[in-house]
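Peer 1: target_6.cif is the file, holding mmCIF, C-alpha atoms:
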data_coords
#
loop_
_atom_site.label_atom_id
_atom_site.label_comp_id
_atom_site.auth_asym_id
_atom_site.auth_seq_id
_atom_site.Cartn_x
_atom_site.Cartn_y
_atom_site.Cartn_z
CA MET A 23 -0.83 -10.64 -10.41
CA ALA A 24 0.45 -10.60 -6.93
CA GLU A 25 3.65 -8.65 -7.46
CA VAL A 26 4.38 -4.96 -7.82
CA THR A 27 7.72 -3.25 -8.24
CA ALA A 28 7.75 -0.14 -6.09
CA ASN A 29 10.66 2.08 -5.07
CA GLY A 30 12.87 -0.42 -6.89
CA VAL A 31 11.72 -3.31 -4.70
CA ARG A 32 9.62 -6.31 -5.67
CA LEU A 33 6.65 -6.36 -3.29
CA HIS A 34 4.12 -9.14 -2.81
CA VAL A 35 0.63 -7.65 -2.89
CA GLN A 36 -2.77 -9.27 -2.47
CA ARG A 37 -5.87 -7.33 -3.49
CA LEU A 38 -9.27 -8.38 -2.22
CA ALA A 39 -12.64 -7.12 -3.35
CA PRO A 40 -16.29 -8.15 -3.01
CA PRO A 41 -17.81 -10.30 -5.77
CA GLY A 42 -18.23 -8.10 -8.84
CA GLY A 43 -15.56 -5.69 -7.58
CA ALA A 44 -15.66 -2.80 -5.12
CA GLY A 45 -17.76 0.25 -5.97
CA PRO A 46 -16.10 3.47 -7.20
CA ASP A 47 -16.55 5.12 -3.79
CA ALA A 48 -15.75 2.04 -1.72
CA PRO A 49 -13.20 2.53 1.04
CA ILE A 50 -9.71 1.45 0.08
CA VAL A 51 -8.00 -0.37 2.95
CA VAL A 52 -4.24 -0.95 3.09
CA THR A 53 -2.87 -3.28 5.77
CA VAL A 54 0.66 -3.08 7.18
CA HIS A 55 1.85 -6.11 9.16
CA GLY A 56 4.34 -6.29 12.05
CA MET A 57 8.07 -6.65 11.92
CA VAL A 58 10.28 -9.72 11.44
CA MET A 59 8.09 -12.70 12.44
CA ASP A 60 5.09 -11.55 10.42
CA ASN A 61 3.72 -11.12 6.90
CA LEU A 62 0.56 -10.08 5.10
CA SER A 63 -1.28 -13.28 5.99
CA SER A 64 -2.14 -12.12 9.51
CA PHE A 65 -4.26 -9.21 8.26
CA TYR A 66 -5.44 -11.18 5.22
CA PHE A 67 -7.10 -13.76 7.45
CA ALA A 68 -8.00 -11.66 10.48
CA ILE A 69 -9.86 -8.87 8.68
CA GLY A 70 -8.93 -8.66 4.98
CA ASN A 71 -11.46 -11.02 3.46
CA SER A 72 -14.13 -9.83 5.87
CA LEU A 73 -13.74 -6.15 4.97
CA ALA A 74 -13.61 -6.98 1.26
CA SER A 75 -16.74 -9.08 1.61
CA ALA A 76 -18.40 -6.08 3.29
CA GLY A 77 -17.60 -3.92 0.25
CA ALA A 78 -14.10 -2.51 0.73
CA GLN A 79 -11.19 -2.75 -1.65
CA VAL A 80 -8.40 -4.30 0.40
CA ILE A 81 -4.69 -4.15 -0.37
CA ALA A 82 -2.52 -6.38 1.82
CA TYR A 83 1.21 -6.36 1.15
CA ASP A 84 4.41 -7.82 2.52
CA LEU A 85 6.92 -5.23 3.73
CA ARG A 86 10.31 -5.56 2.07
CA GLY A 87 12.30 -8.42 3.56
CA HIS A 88 9.11 -10.12 4.78
CA GLY A 89 6.80 -12.81 3.45
CA LYS A 90 7.14 -13.09 -0.30
CA SER A 91 8.53 -9.62 -0.92
CA GLU A 92 12.13 -9.11 -1.95
CA ARG A 93 14.67 -9.25 0.86
CA THR A 94 16.93 -6.37 -0.06
CA ALA A 95 20.24 -6.03 1.76
CA THR A 96 19.48 -2.48 2.88
CA GLY A 97 16.62 -0.01 3.14
CA TYR A 98 14.81 -0.89 6.36
CA ARG A 99 14.45 2.56 7.88
CA LEU A 100 10.94 3.65 8.75
CA THR A 101 11.23 6.26 6.01
CA ASP A 102 12.14 3.54 3.48
CA ALA A 103 8.99 1.64 4.45
CA MET A 104 7.01 4.84 3.95
CA ASP A 105 8.56 5.42 0.52
CA ASP A 106 7.78 1.81 -0.43
CA LEU A 107 4.14 2.34 0.52
CA SER A 108 3.80 5.56 -1.49
CA ALA A 109 5.42 3.94 -4.51
CA MET A 110 3.19 0.89 -4.21
CA LEU A 111 0.04 3.04 -4.10
CA ASP A 112 1.30 4.88 -7.19
CA ALA A 113 2.08 1.62 -8.97
CA LEU A 114 -1.42 0.33 -8.23
CA GLY A 115 -2.95 3.57 -9.46
CA VAL A 116 -4.57 4.39 -6.13
CA ASP A 117 -5.66 8.02 -6.44
CA ARG A 118 -7.92 8.37 -3.39
CA PRO A 119 -7.06 8.60 0.31
CA VAL A 120 -6.74 5.15 1.87
CA HIS A 121 -7.65 3.72 5.23
CA LEU A 122 -4.41 2.42 6.70
CA ILE A 123 -4.48 -0.40 9.23
CA GLY A 124 -1.24 -1.42 10.91
CA ASN A 125 -0.22 -3.94 13.53
CA SER A 126 2.62 -3.46 16.01
CA TYR A 127 5.57 -1.89 14.17
CA GLY A 128 3.28 -1.70 11.14
CA ALA A 129 0.99 0.51 13.22
CA THR A 130 3.88 2.78 14.20
CA MET A 131 4.72 3.05 10.51
CA VAL A 132 1.08 3.84 9.67
CA LEU A 133 1.06 6.69 12.20
CA ALA A 134 4.30 8.12 10.83
CA TYR A 135 3.01 7.76 7.27
CA GLY A 136 -0.31 9.42 8.06
CA LEU A 137 1.39 12.42 9.70
CA ALA A 138 3.77 12.83 6.76
CA ASN A 139 1.18 12.24 4.00
CA PRO A 140 -2.17 13.58 5.27
CA ALA A 141 -3.59 13.96 1.76
CA ARG A 142 -3.15 10.27 1.01
CA VAL A 143 -4.71 8.94 4.21
CA ALA A 144 -8.42 8.80 5.08
CA SER A 145 -7.94 7.18 8.47
CA MET A 146 -5.37 5.31 10.53
CA THR A 147 -6.09 2.20 12.55
CA LEU A 148 -3.29 1.31 14.93
CA VAL A 149 -3.32 -2.15 16.48
CA GLU A 150 -0.87 -2.28 19.41
CA PRO A 151 1.53 0.41 18.15
CA PRO A 152 4.81 0.75 20.03
CA PHE A 153 4.58 4.46 20.72
CA GLN A 154 6.85 6.86 22.53
CA ILE A 155 8.23 10.30 21.81
CA GLU A 156 11.73 9.98 23.20
CA GLY A 157 13.98 7.14 22.13
CA LEU A 158 11.63 5.40 19.73
CA GLY A 159 14.47 4.37 17.43
CA GLU A 160 16.56 3.03 20.29
CA GLU A 161 13.55 1.12 21.58
CA MET A 162 12.91 -0.45 18.16
CA ALA A 163 16.56 -1.34 17.70
CA SER A 164 16.83 -2.81 21.18
CA SER A 165 13.65 -4.78 20.63
CA LEU A 166 15.06 -6.21 17.39
CA ALA A 167 18.40 -7.01 19.00
CA GLN A 168 16.58 -9.00 21.67
CA VAL A 169 14.59 -10.86 19.05
CA SER A 170 17.77 -11.54 17.14
CA PHE A 171 19.45 -12.83 20.27
CA GLY A 172 16.43 -14.99 21.06
CA LEU A 173 16.35 -16.48 17.58
CA SER A 174 20.00 -17.44 17.74
CA ASP A 175 19.57 -19.24 21.06
CA ALA A 176 20.68 -22.88 21.08
CA GLU A 177 17.35 -24.06 22.44
CA VAL A 178 15.58 -22.33 19.56
CA GLU A 179 17.90 -24.07 17.12
CA THR A 180 17.15 -27.45 18.68
CA TRP A 181 13.46 -26.67 18.53
CA LEU A 182 13.65 -25.69 14.87
CA GLU A 183 15.58 -28.77 13.94
CA GLU A 184 13.52 -31.24 15.91
CA GLY A 185 10.14 -30.07 17.02
CA ALA A 186 8.89 -26.86 15.51
CA GLY A 187 7.32 -28.23 12.36
CA ARG A 188 7.56 -26.99 8.80
CA ALA A 189 5.41 -23.83 8.96
CA VAL A 190 6.95 -22.30 12.08
CA THR A 191 10.43 -23.28 10.93
CA ARG A 192 9.96 -21.52 7.61
CA ILE A 193 8.83 -18.20 9.11
CA THR A 194 11.56 -18.37 11.76
CA ARG A 195 14.30 -19.11 9.21
CA SER A 196 13.05 -16.22 7.12
CA ALA A 197 13.20 -13.96 10.20
CA GLN A 198 16.74 -15.10 10.95
CA LYS A 199 17.84 -14.23 7.42
CA LEU A 200 16.22 -10.80 7.68
CA LEU A 201 18.00 -10.10 10.96
CA ASN A 202 21.37 -11.56 9.97
CA ASP A 203 21.70 -10.66 6.29
CA THR A 204 20.29 -7.13 6.14
CA THR A 205 20.80 -3.72 7.74
CA ILE A 206 17.41 -3.82 9.49
CA ALA A 207 18.83 -3.63 13.02
CA ALA A 208 21.02 -0.61 12.32
CA ASP A 209 18.29 1.01 10.26
CA MET A 210 15.88 0.96 13.21
CA LEU A 211 18.17 3.35 15.07
CA GLU A 212 17.43 5.97 12.46
CA THR A 213 13.74 6.04 13.33
CA GLU A 214 12.88 9.67 13.90
CA PRO A 215 10.86 10.55 16.97
CA PHE A 216 7.24 11.60 16.52
CA SER A 217 6.65 15.31 16.64
CA PRO A 218 4.19 16.15 19.46
CA GLU A 219 3.10 19.21 17.47
CA LYS A 220 2.23 17.15 14.41
CA LEU A 221 0.38 14.63 16.53
CA ARG A 222 -1.68 17.41 18.12
CA GLU A 223 -2.42 19.03 14.79
CA THR A 224 -3.47 15.96 12.84
CA THR A 225 -7.11 15.89 11.81
CA THR A 226 -6.97 12.40 10.31
CA PRO A 227 -9.20 10.08 12.35
CA VAL A 228 -7.19 7.59 14.39
CA LEU A 229 -8.48 4.34 15.86
CA ALA A 230 -6.03 2.84 18.35
CA ILE A 231 -6.50 -0.65 19.78
CA TYR A 232 -4.54 -2.12 22.67
CA GLY A 233 -4.90 -5.23 24.79
CA ALA A 234 -5.26 -4.46 28.50
CA ASN A 235 -2.79 -7.27 29.23
CA SER A 236 -0.28 -6.07 26.66
CA ASP A 237 3.19 -5.26 27.90
CA ILE A 238 3.03 -1.92 26.06
CA ILE A 239 -0.40 -0.88 27.34
CA HIS A 240 1.19 2.01 29.25
CA GLN A 241 1.94 3.67 25.89
CA ALA A 242 -1.77 3.97 25.03
CA GLU A 243 -2.38 6.86 27.37
CA GLU A 244 0.29 9.11 25.92
CA LEU A 245 -0.87 8.37 22.40
CA GLN A 246 -4.44 9.29 23.24
CA SER A 247 -3.45 12.41 25.13
CA LEU A 248 -1.34 13.66 22.22
CA VAL A 249 -3.74 12.84 19.37
CA PRO A 250 -7.06 14.64 19.71
CA SER A 251 -8.58 12.68 16.82
CA CYS A 252 -7.84 9.36 18.52
CA THR A 253 -10.51 6.85 19.43
CA LEU A 254 -8.90 4.46 21.91
CA VAL A 255 -10.20 0.93 22.36
CA ILE A 256 -8.68 -1.21 25.11
CA LEU A 257 -9.64 -4.86 25.07
CA GLU A 258 -9.68 -6.58 28.43
CA HIS A 259 -8.19 -10.05 28.61
CA HIS A 260 -5.99 -9.43 25.57
CA THR A 261 -2.29 -8.96 24.89
CA HIS A 262 0.00 -7.55 22.20
CA MET A 263 -1.28 -10.39 19.99
CA VAL A 264 -4.80 -8.92 19.96
CA LEU A 265 -5.10 -9.04 16.16
CA ARG A 266 -4.94 -12.78 16.34
CA GLU A 267 -6.72 -13.19 19.66
CA ALA A 268 -9.73 -10.96 19.02
CA ALA A 269 -10.05 -11.10 15.24
CA GLU A 270 -13.80 -11.56 15.34
CA TYR A 271 -14.38 -8.38 17.33
CA LEU A 272 -11.86 -6.46 15.24
CA ARG A 273 -13.83 -7.41 12.12
CA GLN A 274 -16.95 -5.85 13.66
CA LEU A 275 -15.03 -2.83 14.89
CA LEU A 276 -13.43 -2.19 11.49
CA ARG A 277 -16.73 -2.57 9.63
CA TRP A 278 -18.15 0.05 11.96
CA TRP A 279 -15.09 2.29 11.48
CA LEU A 280 -15.18 2.09 7.69
CA PHE A 281 -18.87 1.96 6.90
CA ASP A 282 -20.99 3.07 9.83
CA ARG A 283 -19.15 5.44 12.13
CA ALA A 284 -22.30 7.40 12.97
CA ALA A 285 -23.70 4.31 14.69
CA PRO A 286 -22.69 3.37 18.23
CA GLN A 287 -19.31 1.68 18.49
CA PRO A 288 -19.62 -2.12 18.72
CA VAL A 289 -19.23 -3.34 22.28
CA TYR A 290 -16.66 -6.01 22.96
CA SER A 291 -17.92 -9.09 24.66
CA MET A 292 -15.82 -12.02 25.63
CA PRO A 293 -16.09 -14.97 23.28
CA GLU A 294 -17.87 -18.06 24.53
CA SER A 295 -14.60 -19.79 25.25
CA ARG A 296 -14.04 -17.10 27.91
CA GLN A 297 -10.38 -17.45 27.16
CA GLN A 298 -8.18 -14.87 28.85
CA TYR A 299 -4.86 -13.99 27.33
CA VAL A 300 -1.89 -12.93 29.39
CA THR A 301 1.59 -11.93 28.37
CA PRO A 302 3.99 -14.67 29.48
CA GLU A 303 6.95 -13.51 31.50
CA TRP A 304 9.41 -14.71 28.87
CA VAL A 305 7.84 -12.34 26.35
CA THR A 306 8.28 -9.39 28.72
CA GLN A 307 11.86 -10.40 29.29
CA MET A 308 12.30 -11.14 25.59
CA VAL A 309 13.94 -14.50 26.00
CA PRO A 310 13.01 -17.83 24.41
CA PRO A 311 10.23 -19.63 26.28
CA PRO A 312 11.73 -21.83 28.99
CA ASP A 313 9.70 -24.86 27.94
CA LEU A 314 10.47 -24.62 24.25
CA ASN A 315 11.62 -28.19 23.92
CA ALA A 316 10.19 -29.61 27.13
CA GLY A 317 6.74 -29.91 25.62
CA ARG A 318 8.02 -31.83 22.64
CA ARG A 319 10.14 -34.01 24.84
CA ALA A 320 7.13 -34.79 27.02
CA ALA A 321 4.57 -35.13 24.25
CA ALA A 322 5.15 -34.69 20.55
CA GLY A 323 3.78 -31.44 19.23
CA ALA A 324 3.18 -29.69 22.54
CA GLY A 325 4.83 -26.32 22.94
CA ALA A 326 4.93 -25.70 19.21
CA GLU A 327 3.02 -22.45 19.62
CA ALA A 328 5.94 -20.93 21.47
CA GLY A 329 7.20 -19.38 18.26
CA ASP A 330 4.45 -16.80 18.51
CA GLY A 331 6.33 -14.91 21.15
CA VAL A 332 9.88 -14.97 19.91
CA GLY A 333 9.20 -11.90 17.81
CA ALA A 334 6.44 -10.63 20.02
CA HIS A 335 7.53 -7.04 20.34
CA ALA A 336 8.70 -6.56 16.83
CA GLY A 337 5.56 -7.91 15.29
CA SER A 338 2.96 -10.53 15.75
CA THR A 339 3.19 -13.73 13.91
CA THR A 340 0.81 -16.21 12.45
CA PRO A 341 2.65 -19.37 11.65
CA GLY A 342 -0.01 -21.58 10.26
CA SER A 343 0.28 -24.53 12.52
CA THR A 344 0.26 -22.73 15.82
CA SER A 345 -2.51 -22.48 18.35
CA THR A 346 -3.79 -19.29 19.94
CA THR A 347 -3.04 -20.05 23.53
CA PRO A 348 0.13 -18.37 24.67
CA GLY A 349 0.72 -18.78 28.35
CA MET B 6 -13.42 -37.31 11.12
CA THR B 7 -14.99 -38.46 7.89
CA SER B 8 -18.28 -36.85 7.19
CA PRO B 9 -20.49 -38.90 4.88
CA GLY B 10 -20.96 -35.84 2.66
CA ILE B 11 -17.26 -35.54 1.95
CA ALA B 12 -16.75 -39.26 1.44
CA ASP B 13 -19.56 -39.34 -1.11
CA LEU B 14 -17.86 -36.66 -3.14
CA GLN B 15 -15.06 -38.99 -4.01
CA THR B 16 -17.28 -40.85 -6.43
CA ASP B 17 -18.30 -37.68 -8.27
CA PRO B 18 -16.19 -37.14 -11.43
CA ALA B 19 -16.63 -33.34 -11.24
CA GLU B 20 -15.38 -33.35 -7.67
CA GLU B 21 -12.47 -35.52 -8.63
CA LYS B 22 -11.46 -33.07 -11.30
CA ILE B 23 -11.60 -30.18 -8.81
CA LEU B 24 -9.58 -32.18 -6.31
CA GLU B 25 -6.98 -32.81 -8.99
CA GLN B 26 -6.78 -29.07 -9.79
CA VAL B 27 -6.52 -28.11 -6.12
CA ALA B 28 -3.86 -30.79 -5.52
CA THR B 29 -1.81 -29.60 -8.50
CA LEU B 30 -1.93 -25.99 -7.29
CA LEU B 31 -1.06 -27.09 -3.77
CA ARG B 32 2.02 -28.94 -4.98
CA GLU B 33 3.09 -25.86 -6.96
CA VAL B 34 2.57 -23.57 -3.97
CA ILE B 35 4.52 -25.79 -1.59
CA GLY B 36 7.16 -26.31 -4.26
CA GLU B 37 9.20 -28.83 -2.34
CA GLU B 38 10.27 -32.25 -3.49
CA TYR B 39 8.49 -34.22 -0.82
CA VAL B 40 5.04 -33.19 -2.05
CA LEU B 41 5.54 -34.45 -5.59
CA ASP B 42 4.68 -38.00 -4.64
CA LEU B 43 2.42 -37.10 -1.76
CA GLN B 44 -1.11 -38.38 -2.07
CA ILE B 45 -3.50 -35.44 -1.60
CA THR B 46 -7.08 -36.47 -0.88
CA LEU B 47 -10.25 -34.84 0.40
CA GLU B 48 -9.18 -35.89 3.86
CA THR B 49 -5.74 -34.24 3.70
CA SER B 50 -5.38 -31.50 6.34
CA PHE B 51 -3.59 -28.30 5.34
CA ASN B 52 -2.10 -28.07 8.80
CA GLU B 53 -1.50 -31.56 10.09
CA ASP B 54 -0.66 -33.33 6.85
CA LEU B 55 0.84 -30.60 4.68
CA GLU B 56 2.08 -28.23 7.43
CA LEU B 57 1.11 -25.37 5.19
CA GLU B 58 2.34 -21.93 6.21
CA SER B 59 -0.47 -19.38 6.38
CA ILE B 60 1.10 -17.27 3.62
CA GLU B 61 1.15 -20.36 1.41
CA PHE B 62 -2.59 -20.67 1.86
CA VAL B 63 -2.85 -17.04 0.70
CA THR B 64 -1.00 -18.00 -2.47
CA LEU B 65 -3.24 -21.02 -2.92
CA ALA B 66 -6.36 -18.84 -2.63
CA ASP B 67 -4.79 -16.42 -5.13
CA ARG B 68 -4.18 -19.24 -7.64
CA LEU B 69 -7.66 -20.69 -7.08
CA THR B 70 -9.17 -17.27 -7.72
CA ALA B 71 -7.18 -17.03 -10.95
CA THR B 72 -8.38 -20.52 -11.93
CA TYR B 73 -12.08 -20.20 -11.18
CA GLY B 74 -12.59 -16.44 -11.57
CA THR B 75 -15.82 -14.87 -10.39
CA ARG B 76 -17.66 -18.20 -10.27
CA VAL B 77 -16.15 -18.96 -6.87
CA ASP B 78 -16.19 -16.28 -4.15
CA PHE B 79 -13.14 -17.13 -2.06
CA VAL B 80 -13.31 -13.77 -0.28
CA GLY B 81 -16.74 -14.73 1.03
CA PHE B 82 -15.54 -18.23 1.86
CA LEU B 83 -12.70 -16.90 4.03
CA SER B 84 -14.38 -13.79 5.40
CA GLU B 85 -15.49 -15.07 8.80
CA LYS B 86 -12.77 -17.66 9.34
CA ASP B 87 -9.82 -17.07 11.65
CA VAL B 88 -6.43 -18.22 10.42
CA ASP B 89 -6.52 -21.32 12.60
CA GLN B 90 -9.89 -22.34 11.22
CA VAL B 91 -8.57 -21.91 7.68
CA ILE B 92 -5.37 -23.80 8.20
CA ASN B 93 -7.13 -26.61 10.08
CA MET B 94 -9.47 -27.27 7.16
CA LYS B 95 -9.23 -30.36 5.07
CA VAL B 96 -8.72 -30.17 1.33
CA GLY B 97 -12.23 -31.61 0.94
CA GLU B 98 -13.82 -28.50 2.46
CA VAL B 99 -12.24 -26.29 -0.21
CA VAL B 100 -13.14 -28.76 -2.96
CA ASP B 101 -16.70 -28.90 -1.67
CA TYR B 102 -17.00 -25.11 -1.65
CA ILE B 103 -15.66 -24.84 -5.20
CA SER B 104 -17.97 -27.61 -6.36
CA THR B 105 -21.05 -26.03 -4.78
CA SER B 106 -20.14 -22.59 -6.16
CA LEU B 107 -19.60 -23.91 -9.69
CA ALA B 108 -22.87 -25.82 -9.59
CA ALA B 109 -24.70 -22.69 -8.44
CA SER B 110 -23.16 -20.53 -11.15
CA ASP B 111 -24.05 -23.13 -13.79
CA GLY B 112 -27.60 -23.47 -12.52
#
What does the file become when written as structure tokens?

Peer 2:
Amino acid sequence: MAEVTANGVRLHVQRLAPPGGAGPDAPIVVTVHGMVMDNLSSFYFAIGNSLASAGAQVIAYDLRGHGKSERTATGYRLTDAMDDLSAMLDALGVDRPVHLIGNSYGATMVLAYGLANPARVASMTLVEPPFQIEGLGEEMASSLAQVSFGLSDAEVETWLEEGAGRAVTRITRSAQKLLNDTTIAADMLETEPFSPEKLRETTTPVLAIYGANSDIIHQAEELQSLVPSCTLVILEHHTHMVLREAAEYLRQLLRWWLFDRAAPQPVYSMPESRQQYVTPEWVTQMVPPPDLNAGRRAAAGAGAEAGDGVGAHAGSTTPGSTSTTPG
Amino acid sequence: MTSPGIADLQTDPAEEKILEQVATLLREVIGEEYVLDLQITLETSFNEDLELESIEFVTLADRLTATYGTRVDFVGFLSEKDVDQVINMKVGEVVDYISTSLAASDG
């Protein structure tokens, strides 16, 4: 079933395979979602079923404290997340190197995991990883503190009570509990910096994806310069929410990465909608959107997608009822 | 938007049985009191009517897979759909897919 006890924690796991099951040599993909306002569903829908349909064995799981996994009171350090992952792979009997795919904080965790456990990892795909050598822990903690502050804002409370709708309210309430009832904020401070030596020495293939309009795009360059095995893909017109915005291209890109890397890399072309995504100023400043309740006051339902950005830096979110048009 | 194809299904006893199974699983997944008496039809929208959270749809797909086994390929069904497309579906689209898959595996 959909639950595994690993490292003493009950984790929600979804396994996807092609009809008839994945072959014995099929790539095993493990997805790691973003922090706080996120869960396994974002990868499940964006690429999980697609990669399974193409022949991979896909394991999508909720990090502790997220989605349907147990919300423990403590144990939210990056190293705890890494221990959880190892224990989950053991519990599932995975005995081959896996292709890790992470989003946002999940991508940072994937990179740390891959450097620490090279024998267990076949490749690392990093979607919008917050990446810096100095002060990574402080940056993560400060990012979480801002999210926490944003989620406790009075306007957010009004929005949740009156206009947000059931789906967004549920994921936001869950995020509030994680931030208020656990040690996650303090635990972030214990994030150890990446070792430049280890990054230079790694031979594990890395695929890094950033949106050109992301507020952390400046971190892409340092990542690429430090990791010789890094293939960097920057998607024009996209933001930190690229997993959700450009899912169709990412499906192509990941199929190429897993099954057909000798072929030319798929070229990104703008979807027919020609929609351009920009990072709204309130995301950069990490405050609640100014028009959170204005939309609802003007016209019922409008502005409901604002929840996407409240946890924008910590993770990306996919509340079911939201649209994909931030800003 | 009522497509004639979906409306026609309502008269089919096999479809009705599938709808009943899907509706029962949906009520279990949502697990809140208000859905117990809620009428779930082929026209019910996961998003607009049920306000389903995307992770709840994951659980629904998991339960449906457990119910129908290899006769219905939900992985294939969901493989090229973005989350918004999934969540904006109507219950009838899932029922229709199950019905078609079961008919094909029986044939």

Peer 1: Nearest to chain B among A:Leu100, A:Leu38, A:Ala163, A:Val305, with distances taken over all atoms listed in the file: which residue is it?

Peer 2: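 Looking at the shortest contact to chain B, the residue is A:Leu38.
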
Peer 1: Can you pull out every residue within 7 Å of region 31-43 of chain B, counting all atoms listed in the file, but drop anything in the same chain fewer than 4 positions away, and send it as an MDAnalysis selection string?

Peer 2: chainID B and resid 27 61 64:65

Peer 1: May I have the protein, DNA and RNA residues with any atom at most 9 Å from the point (14.0, 7.4, 16.8), counting all atoms listed in the file, written as a PyMOL selection string?

Peer 2: chain A and resi 155-162+210-216

Peer 1: Extract, using all atoms listed in the file, all DNA, RNA and protein residues at most 10 Å from region 87-91 of chain A, discarding same-chain residues fewer than 4 positions from it, and format them as a tab-separated table (two decimals) with C-alpha atoms, in the coordinates of the input.

Peer 2:
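Final file, around.tsv:
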chain	number	residue	atom	x	y	z
A	24	ALA	CA	0.45	-10.60	-6.93
A	25	GLU	CA	3.65	-8.65	-7.46
A	26	VAL	CA	4.38	-4.96	-7.82
A	27	THR	CA	7.72	-3.25	-8.24
A	31	VAL	CA	11.72	-3.31	-4.70
A	32	ARG	CA	9.62	-6.31	-5.67
A	33	LEU	CA	6.65	-6.36	-3.29
A	34	HIS	CA	4.12	-9.14	-2.81
A	35	VAL	CA	0.63	-7.65	-2.89
A	55	HIS	CA	1.85	-6.11	9.16
A	56	GLY	CA	4.34	-6.29	12.05
A	57	MET	CA	8.07	-6.65	11.92
A	58	VAL	CA	10.28	-9.72	11.44
A	59	MET	CA	8.09	-12.70	12.44
A	60	ASP	CA	5.09	-11.55	10.42
A	61	ASN	CA	3.72	-11.12	6.90
A	62	LEU	CA	0.56	-10.08	5.10
A	63	SER	CA	-1.28	-13.28	5.99
A	83	TYR	CA	1.21	-6.36	1.15
A	95	ALA	CA	20.24	-6.03	1.76
A	96	THR	CA	19.48	-2.48	2.88
A	97	GLY	CA	16.62	-0.01	3.14
A	98	TYR	CA	14.81	-0.89	6.36
A	193	ILE	CA	8.83	-18.20	9.11
A	196	SER	CA	13.05	-16.22	7.12
A	197	ALA	CA	13.20	-13.96	10.20
A	199	LYS	CA	17.84	-14.23	7.42
A	200	LEU	CA	16.22	-10.80	7.68
A	201	LEU	CA	18.00	-10.10	10.96
A	204	THR	CA	20.29	-7.13	6.14
A	206	ILE	CA	17.41	-3.82	9.49
B	60	ILE	CA	1.10	-17.27	3.62
B	61	GLU	CA	1.15	-20.36	1.41
B	64	THR	CA	-1.00	-18.00	-2.47

Peer 1: For Thr72 (chain B), which residue out of B:Pro18, B:Gln44, B:Asn93, B:Ile103 is the nearest one, using all atoms listed in the file?

Peer 2: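 Among B:Pro18, B:Gln44, B:Asn93, B:Ile103, it is B:Ile103 that comes nearest to Thr72 (chain B).
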
Peer 1: Just need the residues of chain A within 9 Å of chain B, counting only C-alpha atoms, so spit them out as a CSV table (one decimal) with C-alpha atoms, keeping the file's coordinate frame.

Peer 2:
chain,number,residue,atom,x,y,z
A,23,MET,CA,-0.8,-10.6,-10.4
A,24,ALA,CA,0.4,-10.6,-6.9
A,36,GLN,CA,-2.8,-9.3,-2.5
A,38,LEU,CA,-9.3,-8.4,-2.2
A,39,ALA,CA,-12.6,-7.1,-3.4
A,40,PRO,CA,-16.3,-8.2,-3.0
A,41,PRO,CA,-17.8,-10.3,-5.8
A,42,GLY,CA,-18.2,-8.1,-8.8
A,61,ASN,CA,3.7,-11.1,6.9
A,62,LEU,CA,0.6,-10.1,5.1
A,63,SER,CA,-1.3,-13.3,6.0
A,64,SER,CA,-2.1,-12.1,9.5
A,66,TYR,CA,-5.4,-11.2,5.2
A,67,PHE,CA,-7.1,-13.8,7.4
A,68,ALA,CA,-8.0,-11.7,10.5
A,69,ILE,CA,-9.9,-8.9,8.7
A,70,GLY,CA,-8.9,-8.7,5.0
A,71,ASN,CA,-11.5,-11.0,3.5
A,72,SER,CA,-14.1,-9.8,5.9
A,73,LEU,CA,-13.7,-6.2,5.0
A,74,ALA,CA,-13.6,-7.0,1.3
A,75,SER,CA,-16.7,-9.1,1.6
A,76,ALA,CA,-18.4,-6.1,3.3
A,89,GLY,CA,6.8,-12.8,3.4
A,90,LYS,CA,7.1,-13.1,-0.3
A,187,GLY,CA,7.3,-28.2,12.4
A,188,ARG,CA,7.6,-27.0,8.8
A,189,ALA,CA,5.4,-23.8,9.0
A,190,VAL,CA,7.0,-22.3,12.1
A,192,ARG,CA,10.0,-21.5,7.6
A,193,ILE,CA,8.8,-18.2,9.1
A,266,ARG,CA,-4.9,-12.8,16.3
A,269,ALA,CA,-10.0,-11.1,15.2
A,270,GLU,CA,-13.8,-11.6,15.3
A,273,ARG,CA,-13.8,-7.4,12.1
A,340,THR,CA,0.8,-16.2,12.4
A,341,PRO,CA,2.6,-19.4,11.6
A,342,GLY,CA,0.0,-21.6,10.3
A,343,SER,CA,0.3,-24.5,12.5
A,344,THR,CA,0.3,-22.7,15.8
A,345,SER,CA,-2.5,-22.5,18.4
A,346,THR,CA,-3.8,-19.3,19.9

Peer 1: Looking at A:Ser217, A:Ser126, A:Gln154, A:Gln198, which one is nearest to Val54 (chain A), with distances taken over only C-alpha atoms?

Peer 2: A:Ser126

Peer 1: Mind working out the centre and edge lengths of an axis-aligned box for region 278-296 of chain A, all listed atoms inside, 4 Å added to each side, rounded to one decimal in Å and written as JSON?

Peer 2:
{"center_x": -18.9, "center_y": -6.2, "center_z": 17.4, "size_x": 17.7, "size_y": 35.2, "size_z": 29.0}

Peer 1: What does the structure give for the distance between CA of Ala48 (chain A) and CA of His121 (chain A), in Å to one decimal?

Peer 2: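 Value for the CA of Ala48 (chain A)-CA of His121 (chain A) distance: 10.8 Å.
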
Peer 1: Using all atoms listed in the file, list the residues that have an atom at most 6 Å from (-10.1, 8.2, 18.0), coordinates as in the file, as a compact mmCIF listing (two decimals) with C-alpha atoms, in the coordinates of the input.

Peer 2:
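Below you can see point.txt, which holds the result:
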# COMPACT_ATOMS: atom_id res chain seq x y z
CA VAL A 228 -7.19 7.59 14.39
CA LEU A 229 -8.48 4.34 15.86
CA SER A 251 -8.58 12.68 16.82
CA CYS A 252 -7.84 9.36 18.52
CA THR A 253 -10.51 6.85 19.43
CA LEU A 254 -8.90 4.46 21.91
